[in-house]
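Peer 1: Please find model_15.cif (mmCIF, C-alpha atoms and all ligand atoms) on the next line:
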data_upload
#
loop_
_atom_site.label_atom_id
_atom_site.label_comp_id
_atom_site.auth_asym_id
_atom_site.auth_seq_id
_atom_site.Cartn_x
_atom_site.Cartn_y
_atom_site.Cartn_z
CA MET H 15 -41.83 -1.94 66.25
CA ALA H 16 -39.02 -4.49 66.30
CA SER H 17 -35.95 -3.15 68.01
CA ASN H 18 -32.47 -2.48 66.76
CA VAL H 19 -29.91 -4.41 68.76
CA ILE H 20 -26.64 -2.50 69.17
CA VAL H 21 -23.70 -4.45 70.58
CA VAL H 22 -21.00 -2.08 71.85
CA MET H 23 -17.69 -3.85 71.40
CA SER H 24 -13.93 -3.49 71.50
CA PRO H 25 -11.19 -6.08 71.63
CA LYS H 26 -9.21 -3.88 74.01
CA GLY H 27 -10.29 -3.25 77.57
CA GLY H 28 -10.80 0.12 79.21
CA VAL H 29 -11.41 2.13 76.03
CA GLY H 30 -14.91 3.29 77.04
CA LYS H 31 -17.43 0.60 76.04
CA THR H 32 -19.47 0.98 79.22
CA THR H 33 -19.33 4.78 79.14
CA VAL H 34 -20.54 4.74 75.51
CA SER H 35 -23.24 2.10 76.16
CA VAL H 36 -24.64 3.81 79.24
CA ASN H 37 -24.71 7.28 77.68
CA LEU H 38 -26.00 6.14 74.31
CA ALA H 39 -28.87 4.29 76.03
CA ALA H 40 -29.59 7.31 78.27
CA ALA H 41 -29.51 9.71 75.31
CA LEU H 42 -31.84 7.53 73.22
CA ALA H 43 -34.27 7.33 76.15
CA THR H 44 -34.17 11.13 76.51
CA MET H 45 -35.13 11.34 72.84
CA GLY H 46 -38.25 9.34 73.58
CA LYS H 47 -37.05 5.94 72.40
CA ARG H 48 -37.88 2.85 74.42
CA VAL H 49 -34.51 1.39 75.33
CA LEU H 50 -33.22 -1.67 77.14
CA ILE H 51 -29.56 -1.75 78.16
CA ILE H 52 -28.10 -5.18 78.89
CA ASP H 53 -24.83 -5.64 80.74
CA ALA H 54 -23.41 -8.51 78.70
CA ASN H 55 -19.98 -8.10 80.28
CA LEU H 56 -20.14 -10.88 82.84
CA ASP H 57 -16.47 -10.53 83.81
CA THR H 58 -16.27 -6.85 84.74
CA PRO H 59 -19.92 -5.73 84.75
CA HIS H 60 -20.20 -2.03 85.49
CA VAL H 61 -23.41 -0.86 83.82
CA ALA H 62 -25.33 -0.87 87.13
CA ILE H 63 -22.54 1.12 88.80
CA TYR H 64 -22.57 3.72 86.02
CA TYR H 65 -26.32 4.24 86.63
CA GLY H 66 -25.92 4.20 90.43
CA PHE H 67 -28.29 1.25 90.35
CA VAL H 68 -28.06 -1.04 93.37
CA GLY H 69 -30.13 -3.60 95.19
CA TYR H 70 -31.38 -5.65 92.24
CA LYS H 71 -32.36 -9.23 93.01
CA ASN H 72 -32.05 -10.88 89.62
CA SER H 73 -29.39 -10.45 86.97
CA LEU H 74 -28.30 -11.67 83.56
CA GLU H 75 -26.50 -14.56 85.26
CA ASP H 76 -29.88 -15.79 86.58
CA VAL H 77 -31.41 -15.50 83.11
CA LEU H 78 -28.57 -17.39 81.43
CA ASN H 79 -28.67 -20.09 84.09
CA GLY H 80 -32.40 -20.50 83.59
CA ARG H 81 -33.27 -19.40 87.12
CA VAL H 82 -35.61 -16.60 86.01
CA PRO H 83 -37.22 -15.53 82.72
CA ILE H 84 -35.68 -12.42 81.16
CA ASN H 85 -38.57 -10.12 82.13
CA GLU H 86 -37.87 -10.82 85.82
CA ALA H 87 -34.34 -9.42 85.55
CA ILE H 88 -35.32 -6.20 83.77
CA TYR H 89 -35.67 -3.11 85.95
CA LYS H 90 -36.95 0.44 85.56
CA THR H 91 -34.56 3.38 85.84
CA GLY H 92 -35.02 7.10 86.57
CA ASN H 93 -36.21 7.58 82.97
CA PRO H 94 -39.42 5.68 82.13
CA ASN H 95 -38.11 4.95 78.61
CA LEU H 96 -34.97 3.22 79.86
CA HIS H 97 -34.89 -0.27 81.33
CA ILE H 98 -31.81 -2.14 82.54
CA LEU H 99 -30.86 -5.79 82.66
CA PRO H 100 -27.84 -5.77 84.98
CA SER H 101 -25.13 -8.34 85.58
CA ARG H 102 -23.99 -9.07 89.10
CA VAL H 103 -21.01 -6.94 90.12
CA PHE H 104 -20.24 -9.30 93.00
CA LYS H 105 -21.06 -12.86 92.03
CA ASN H 106 -22.99 -15.09 94.41
CA LYS H 107 -20.96 -17.55 96.47
CA GLY H 108 -20.43 -20.64 94.36
CA ASP H 109 -20.87 -18.79 91.06
CA GLY H 110 -17.11 -18.43 90.66
CA ASN H 111 -16.62 -21.10 88.02
CA ALA H 112 -20.13 -21.09 86.63
CA GLN H 113 -20.26 -21.29 82.87
CA TYR H 114 -22.75 -18.68 81.81
CA LYS H 115 -24.13 -19.54 78.43
CA ILE H 116 -23.75 -16.10 76.90
CA ILE H 117 -24.13 -17.73 73.49
CA ASN H 118 -27.80 -18.26 74.41
CA LEU H 119 -28.34 -14.57 75.01
CA PHE H 120 -29.75 -14.16 71.51
CA HIS H 121 -32.56 -16.53 72.42
CA HIS H 122 -33.61 -14.52 75.50
CA VAL H 123 -33.23 -11.15 73.77
CA GLY H 124 -35.33 -12.39 70.88
CA ARG H 125 -38.29 -12.71 73.26
CA ILE H 126 -38.39 -9.06 74.31
CA THR H 127 -37.13 -7.08 71.33
CA ASN H 128 -40.65 -6.07 70.31
CA ASP H 129 -40.99 -4.17 73.60
CA TYR H 130 -38.16 -1.77 72.72
CA ASP H 131 -37.00 0.53 69.94
CA PHE H 132 -33.37 -0.11 70.85
CA VAL H 133 -31.56 -2.79 72.82
CA VAL H 134 -28.03 -1.71 73.74
CA LEU H 135 -25.61 -4.39 74.89
CA ASP H 136 -22.38 -3.57 76.68
CA SER H 137 -19.78 -6.30 76.25
CA LYS H 138 -16.51 -7.49 77.70
CA PRO H 139 -13.21 -6.93 75.87
CA SER H 140 -12.68 -9.52 73.10
CA ALA H 141 -16.28 -10.69 73.51
CA GLY H 142 -16.27 -12.47 70.15
CA LEU H 143 -19.02 -12.37 67.57
CA ASP H 144 -20.66 -15.73 68.26
CA PHE H 145 -23.74 -14.47 70.09
CA VAL H 146 -23.92 -11.33 67.95
CA LYS H 147 -24.12 -13.41 64.77
CA MET H 148 -27.16 -15.24 66.11
CA MET H 149 -29.03 -12.14 67.23
CA LYS H 150 -31.70 -10.84 64.90
CA ASN H 151 -31.20 -7.19 63.88
CA ALA H 152 -27.87 -7.01 65.73
CA THR H 153 -25.19 -4.58 64.65
CA THR H 154 -21.88 -3.72 66.26
CA LEU H 155 -20.71 -0.32 67.38
CA ILE H 156 -16.95 -0.49 67.79
CA VAL H 157 -15.25 1.66 70.42
CA SER H 158 -11.60 2.62 70.19
CA MET H 159 -9.26 5.22 71.53
CA PRO H 160 -7.32 7.22 68.93
CA GLU H 161 -4.07 5.36 69.49
CA ILE H 162 -2.47 2.76 67.27
CA ALA H 163 -2.87 -0.45 69.32
CA SER H 164 -6.54 0.17 70.02
CA MET H 165 -7.15 1.19 66.40
CA ILE H 166 -5.51 -1.95 65.01
CA GLU H 167 -7.77 -4.09 67.18
CA ALA H 168 -10.77 -2.02 66.06
CA LYS H 169 -9.75 -2.59 62.43
CA LYS H 170 -9.54 -6.35 63.01
CA LEU H 171 -12.97 -6.43 64.65
CA ASN H 172 -14.45 -4.30 61.87
CA GLU H 173 -13.15 -6.71 59.22
CA GLU H 174 -14.14 -9.78 61.22
CA SER H 175 -17.69 -8.42 61.67
CA ILE H 176 -18.09 -7.70 57.97
CA ALA H 177 -16.72 -11.15 57.05
CA ALA H 178 -19.20 -12.75 59.49
CA GLY H 179 -22.10 -10.85 57.95
CA VAL H 180 -22.62 -8.69 61.06
CA GLY H 181 -23.42 -5.07 60.29
CA VAL H 182 -21.06 -2.45 61.69
CA ILE H 183 -22.75 0.85 62.53
CA GLY H 184 -19.40 2.56 62.80
CA ILE H 185 -16.58 3.41 65.14
CA VAL H 186 -16.69 5.59 68.22
CA LEU H 187 -13.34 7.22 68.90
CA ASN H 188 -13.42 7.89 72.60
CA ARG H 189 -11.30 10.17 74.77
CA VAL H 190 -10.19 12.30 71.84
CA ASN H 191 -7.77 14.93 73.08
CA LYS H 192 -5.96 17.14 70.58
CA LYS H 193 -3.42 18.12 73.22
CA ILE H 194 -2.05 14.59 73.29
CA SER H 195 0.45 14.52 70.44
CA GLY H 196 0.47 10.70 70.30
CA HIS H 197 -3.23 10.60 69.44
CA MET H 198 -3.92 9.83 65.80
CA SER H 199 -5.17 12.49 63.41
CA ASP H 200 -8.37 12.02 61.40
CA SER H 201 -6.42 11.03 58.29
CA GLU H 202 -4.31 8.53 60.24
CA VAL H 203 -7.47 7.03 61.69
CA SER H 204 -9.08 6.67 58.29
CA ARG H 205 -5.89 5.09 56.91
CA VAL H 206 -6.01 2.37 59.59
CA VAL H 207 -9.69 1.55 59.57
CA GLU H 208 -12.29 2.02 56.87
CA ALA H 209 -15.59 2.68 58.60
CA ARG H 210 -18.90 3.93 57.31
CA ASN H 211 -19.24 6.32 60.24
CA VAL H 212 -16.82 7.67 62.80
CA TRP H 213 -18.00 9.57 65.88
CA LYS H 214 -15.60 11.38 68.18
CA ILE H 215 -16.20 11.67 71.91
CA PRO H 216 -13.82 14.12 73.56
CA GLU H 217 -11.87 13.37 76.67
CA ASP H 218 -13.92 15.09 79.34
CA MET H 219 -13.11 15.18 83.03
CA ASN H 220 -16.84 15.66 83.76
CA VAL H 221 -17.23 11.96 82.89
CA PHE H 222 -15.57 11.08 86.21
CA GLU H 223 -17.84 13.46 88.13
CA ALA H 224 -20.90 11.80 86.60
CA LEU H 225 -19.54 8.33 87.32
CA LYS H 226 -18.94 9.26 90.95
CA LYS H 227 -22.58 10.34 91.21
CA GLY H 228 -23.83 7.25 89.39
CA ILE H 229 -25.63 9.31 86.72
CA PRO H 230 -24.88 9.13 82.98
CA ILE H 231 -23.17 12.36 81.95
CA VAL H 232 -25.83 13.05 79.31
CA TRP H 233 -28.31 13.39 82.18
CA GLN H 234 -26.01 14.83 84.84
CA ASN H 235 -24.32 17.47 82.67
CA PRO H 236 -25.94 17.56 79.21
CA LYS H 237 -23.97 20.61 78.09
CA SER H 238 -20.53 19.09 78.73
CA PRO H 239 -18.40 18.35 75.62
CA ALA H 240 -18.75 14.56 75.98
CA SER H 241 -22.53 14.82 76.46
CA LYS H 242 -22.94 16.87 73.30
CA ALA H 243 -21.03 14.21 71.37
CA PHE H 244 -23.07 11.36 72.89
CA LEU H 245 -26.31 13.18 72.04
CA GLU H 246 -25.06 13.66 68.48
CA LEU H 247 -24.34 9.92 68.22
CA ALA H 248 -27.84 9.08 69.50
CA ARG H 249 -29.40 11.61 67.14
CA ASP H 250 -27.58 10.06 64.17
CA LEU H 251 -28.75 6.59 65.14
CA THR H 252 -32.37 7.63 65.51
CA GLY H 253 -32.17 9.56 62.26
CA TRP H 254 -31.28 6.42 60.38
CA ARG H 255 -33.87 4.20 61.85
N1 LIG U 1 -14.72 10.50 77.12
C1 LIG U 1 -14.14 10.25 78.31
N2 LIG U 1 -13.49 11.23 78.99
C2 LIG U 1 -12.90 10.98 80.16
N3 LIG U 1 -12.89 9.76 80.75
C3 LIG U 1 -13.50 8.74 80.13
C4 LIG U 1 -14.17 8.92 78.88
N4 LIG U 1 -14.70 7.73 78.51
C5 LIG U 1 -14.39 6.86 79.48
N5 LIG U 1 -13.68 7.44 80.46
C6 LIG U 1 -13.13 6.79 81.67
O1 LIG U 1 -12.30 5.72 81.24
C7 LIG U 1 -12.42 4.61 82.12
C8 LIG U 1 -12.77 3.37 81.32
O2 LIG U 1 -14.05 3.56 80.75
P1 LIG U 1 -15.08 2.34 80.62
O3 LIG U 1 -15.30 1.68 81.92
O4 LIG U 1 -16.27 2.88 79.92
O5 LIG U 1 -14.25 1.37 79.65
P2 LIG U 1 -14.61 -0.12 79.19
O6 LIG U 1 -14.13 -0.26 77.78
O7 LIG U 1 -16.03 -0.39 79.44
O8 LIG U 1 -13.73 -0.99 80.19
P3 LIG U 1 -13.78 -2.60 80.35
O9 LIG U 1 -13.01 -3.15 79.19
O10 LIG U 1 -13.14 -2.86 81.66
O11 LIG U 1 -15.21 -3.01 80.31
C9 LIG U 1 -13.45 4.98 83.17
O12 LIG U 1 -12.79 5.46 84.32
C10 LIG U 1 -14.22 6.12 82.50
O13 LIG U 1 -14.78 7.03 83.44
MG MG U 2 -16.90 -1.94 80.59
#
Spit out the file's structure as structure tokens when you get a sec.

Peer 2:
Amino acid sequence: MASNVIVVMSPKGGVGKTTVSVNLAAALATMGKRVLIIDANLDTPHVAIYYGFVGYKNSLEDVLNGRVPINEAIYKTGNPNLHILPSRVFKNKGDGNAQYKIINLFHHVGRITNDYDFVVLDSKPSAGLDFVKMMKNATTLIVSMPEIASMIEAKKLNEESIAAGVGVIGIVLNRVNKKISGHMSDSEVSRVVEARNVWKIPEDMNVFEALKKGIPIVWQNPKSPASKAFLELARDLTGWR
């Protein structure tokens, strides 16, 4: 079966793209889907850290620079359904100014999509839609926090994606905390951005515990509030497809 490519995006940094990517991929794998997660954030790549995954020889940088074919940079994880294509947290000496041709990612991904049900790509803030537009079956999943600046950027990305012909799965509102009075209400959110689907992930201190252990929270603590919400998101995505 050809895979669905989900690009997790947000113009703003630090809103939870990696947390969402890592847990969505882990949840889909738990549900029996064959999943590849790609760390397409070459600037601040943290996917490997979030899985406690160390000691890999090849990375996305090597694939983009033509040093290795994509299958030589894909690794197994603790769950047989989940594979990871990491980026290098600490770049090799001399890689500092290298121009990684992320635009060509679509070409590499196109070669392996038949091996997976889902390919989840984490991205850097303001990644731009260029490589997404070229990727077959690619859709964006926009992450935002429920505060006005982040929501306005999410709205802009939503509109830009639609104008570019890129499907938007919906918006993930992350770190929702009703006790924070500055957080936007549901009606305020829907006034700012019109999205087909909105998922809410609660602010959950267990997320930090899981991160410290290098295990996605959906595996480390599946009953925690954030895990339940991530599993719900994954369930919705598998239900559609
Ligand atoms: N639902 C949550 N509850 C509590 N903490 C969270 C939650 N989601 C994310 N965090 C924390 O927020 C911080 C930023 O999350 P994350 O690294 O996923 O953001 P990001 O958008 O990927 O950042 P960057 O733009 O640098 O790539 C991390 O410390 C993470 O543990
Ligand atoms: Mg990140």

Peer 1: Any idea what the distance is between CA of Met45 (chain H) and CA of Val180 (chain H)?

Peer 2: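 Distance reported for this atom pair: 26.4 Å.
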
Peer 1: One number please: CA of Asn93 (chain H) to CA of His60 (chain H), in Å, one decimal.

Peer 2: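 Computed distance, CA of Asn93 (chain H) to CA of His60 (chain H), equals 18.8 Å.
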
Peer 1: Hey, which residues come within 12 Å of ligand MG 2 (chain U) if we count all atoms listed in the file? Could you give them as a PyMOL selection string?

Peer 2: chain H and resi 22-36+52-64+101+103+135-141+157

Peer 1: Work out how far atom C1 of ligand LIG 1 (chain U) is from CA of Arg189 (chain H), in Å to one decimal.

Peer 2: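 Separation of CA of Arg189 (chain H) and atom C1 of ligand LIG 1 (chain U): 4.5 Å.
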
Peer 1: For Gly92 (chain H), please output as a VMD selection string all residues within 10 Å (counting only C-alpha atoms; exclusion window: fewer than 5 positions along the same chain).

Peer 2: chain H and resid 40 65 67 97 229

Peer 1: Find the residues near Ala41 (chain H): any atom within 9 Å, counting all atoms listed in the file, skip ones fewer than 3 places away on the same chain, and give them as a list of chain:residue names.

Peer 2: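 So the residues in contact are H:Val36, H:Asn37, H:Leu38, H:Thr44, H:Met45, H:Gly46, H:Lys47, H:Pro230, H:Val232, H:Trp233, H:Ser241, H:Phe244, H:Leu245, H:Leu247, H:Ala248, H:Arg249.
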
Peer 1: I'd like the neighbourhood of region 87-91 of chain H as a list in words, where a residue qualifies if any of its atoms comes within 10 Å (using all atoms listed in the file), though same-chain residues fewer than 5 positions away should be ignored.

Peer 2: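 Answer for this query is Ala40, Leu50, Ile51, Ile52, Tyr65, Gly66, Phe67, Tyr70, Lys71, Asn72, Ser73, Leu74, Glu75, Asp76, Val77, Val82, Leu96, His97, Ile98, Leu99, Pro100 and Ser101 of chain H.
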
Peer 1: Taking all atoms of ligand LIG 1 (chain U) that the file lists and extending 4 Å past them on each side, where is the centre of the axis-aligned box and how long are its edges? Answer in Å to one decimal, as AutoDock Vina command-line options.

Peer 2:
--center_x -14.3 --center_y 4.0 --center_z 80.7 --size_x 12.0 --size_y 22.4 --size_z 15.2

Peer 1: Restricting the calculation to only C-alpha atoms and all ligand atoms: of H:Gly179, H:Gly196, H:Gly69, H:Pro160, which residue gets closest to ligand LIG 1 (chain U)?

Peer 2: H:Pro160

Peer 1: Near Asn172 (chain H), counting all atoms listed in the file, which residues have an atom at most 12 Å away, once you skip same-chain residues fewer than 5 positions from it, shown as a PyMOL selection string?

Peer 2: chain H and resi 23-25+142-143+153-158+165-167+177-186+206-211

Peer 1: Which one is closest to ligand LIG 1 (chain U): H:Asp218, H:Glu174, H:Asp129, H:Asp200? Count only C-alpha atoms and all ligand atoms.

Peer 2: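 Nearest candidate to ligand LIG 1 (chain U) out of H:Asp218, H:Glu174, H:Asp129, H:Asp200: H:Asp218.
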
Peer 1: Which is closest to ligand LIG 1 (chain U) among H:Lys237, H:Leu225, H:Arg48, H:Val203, if we use only C-alpha atoms and all ligand atoms?

Peer 2: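 Distance minimum relative to ligand LIG 1 (chain U) lands on H:Leu225.
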
Peer 1: Taking only N, CA, C and O atoms, show region 143-158 of chain H of the given structure as a compact mmCIF listing (two decimals), in the first residue's frame.

Peer 2:
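Below is the file that was written, selection07.txt:
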# COMPACT_ATOMS: atom_id res chain seq x y z
N LEU H 143 6.95 25.40 2.06
CA LEU H 143 6.17 24.30 1.46
C LEU H 143 6.82 23.71 0.22
O LEU H 143 6.28 22.79 -0.37
N ASP H 144 8.01 24.21 -0.15
CA ASP H 144 8.59 23.80 -1.43
C ASP H 144 8.71 22.29 -1.58
O ASP H 144 8.24 21.71 -2.55
N PHE H 145 9.34 21.64 -0.58
CA PHE H 145 9.53 20.19 -0.74
C PHE H 145 8.23 19.43 -0.50
O PHE H 145 8.01 18.37 -1.06
N VAL H 146 7.33 20.02 0.28
CA VAL H 146 6.05 19.36 0.55
C VAL H 146 5.23 19.30 -0.75
O VAL H 146 4.62 18.28 -1.06
N LYS H 147 5.27 20.40 -1.49
CA LYS H 147 4.48 20.49 -2.73
C LYS H 147 4.88 19.40 -3.72
O LYS H 147 4.08 18.91 -4.49
N MET H 148 6.16 19.02 -3.67
CA MET H 148 6.67 18.06 -4.65
C MET H 148 6.49 16.61 -4.21
O MET H 148 6.77 15.69 -4.97
N MET H 149 6.07 16.42 -2.96
CA MET H 149 5.99 15.06 -2.42
C MET H 149 4.62 14.45 -2.68
O MET H 149 3.60 15.04 -2.32
N LYS H 150 4.64 13.28 -3.30
CA LYS H 150 3.39 12.60 -3.62
C LYS H 150 2.66 12.24 -2.32
O LYS H 150 3.28 11.83 -1.36
N ASN H 151 1.39 12.39 -2.28
CA ASN H 151 0.56 12.02 -1.11
C ASN H 151 0.85 12.83 0.14
O ASN H 151 0.46 12.43 1.23
N ALA H 152 1.59 13.95 0.02
CA ALA H 152 1.95 14.68 1.25
C ALA H 152 0.83 15.60 1.70
O ALA H 152 0.17 16.26 0.89
N THR H 153 0.63 15.61 3.02
CA THR H 153 -0.32 16.53 3.63
C THR H 153 0.37 17.17 4.82
O THR H 153 1.32 16.61 5.37
N THR H 154 -0.11 18.33 5.22
CA THR H 154 0.51 18.97 6.38
C THR H 154 -0.39 18.80 7.60
O THR H 154 -1.62 18.78 7.51
N LEU H 155 0.28 18.67 8.74
CA LEU H 155 -0.39 18.69 10.03
C LEU H 155 0.23 19.87 10.77
O LEU H 155 1.44 19.86 11.03
N ILE H 156 -0.58 20.87 11.02
CA ILE H 156 -0.04 22.12 11.57
C ILE H 156 -0.13 22.10 13.09
O ILE H 156 -1.18 21.77 13.66
N VAL H 157 0.96 22.43 13.74
CA VAL H 157 0.99 22.46 15.21
C VAL H 157 1.02 23.91 15.67
O VAL H 157 1.75 24.74 15.11
N SER H 158 0.22 24.19 16.68
CA SER H 158 0.20 25.54 17.25
C SER H 158 -0.05 25.43 18.74
O SER H 158 -0.60 24.44 19.22
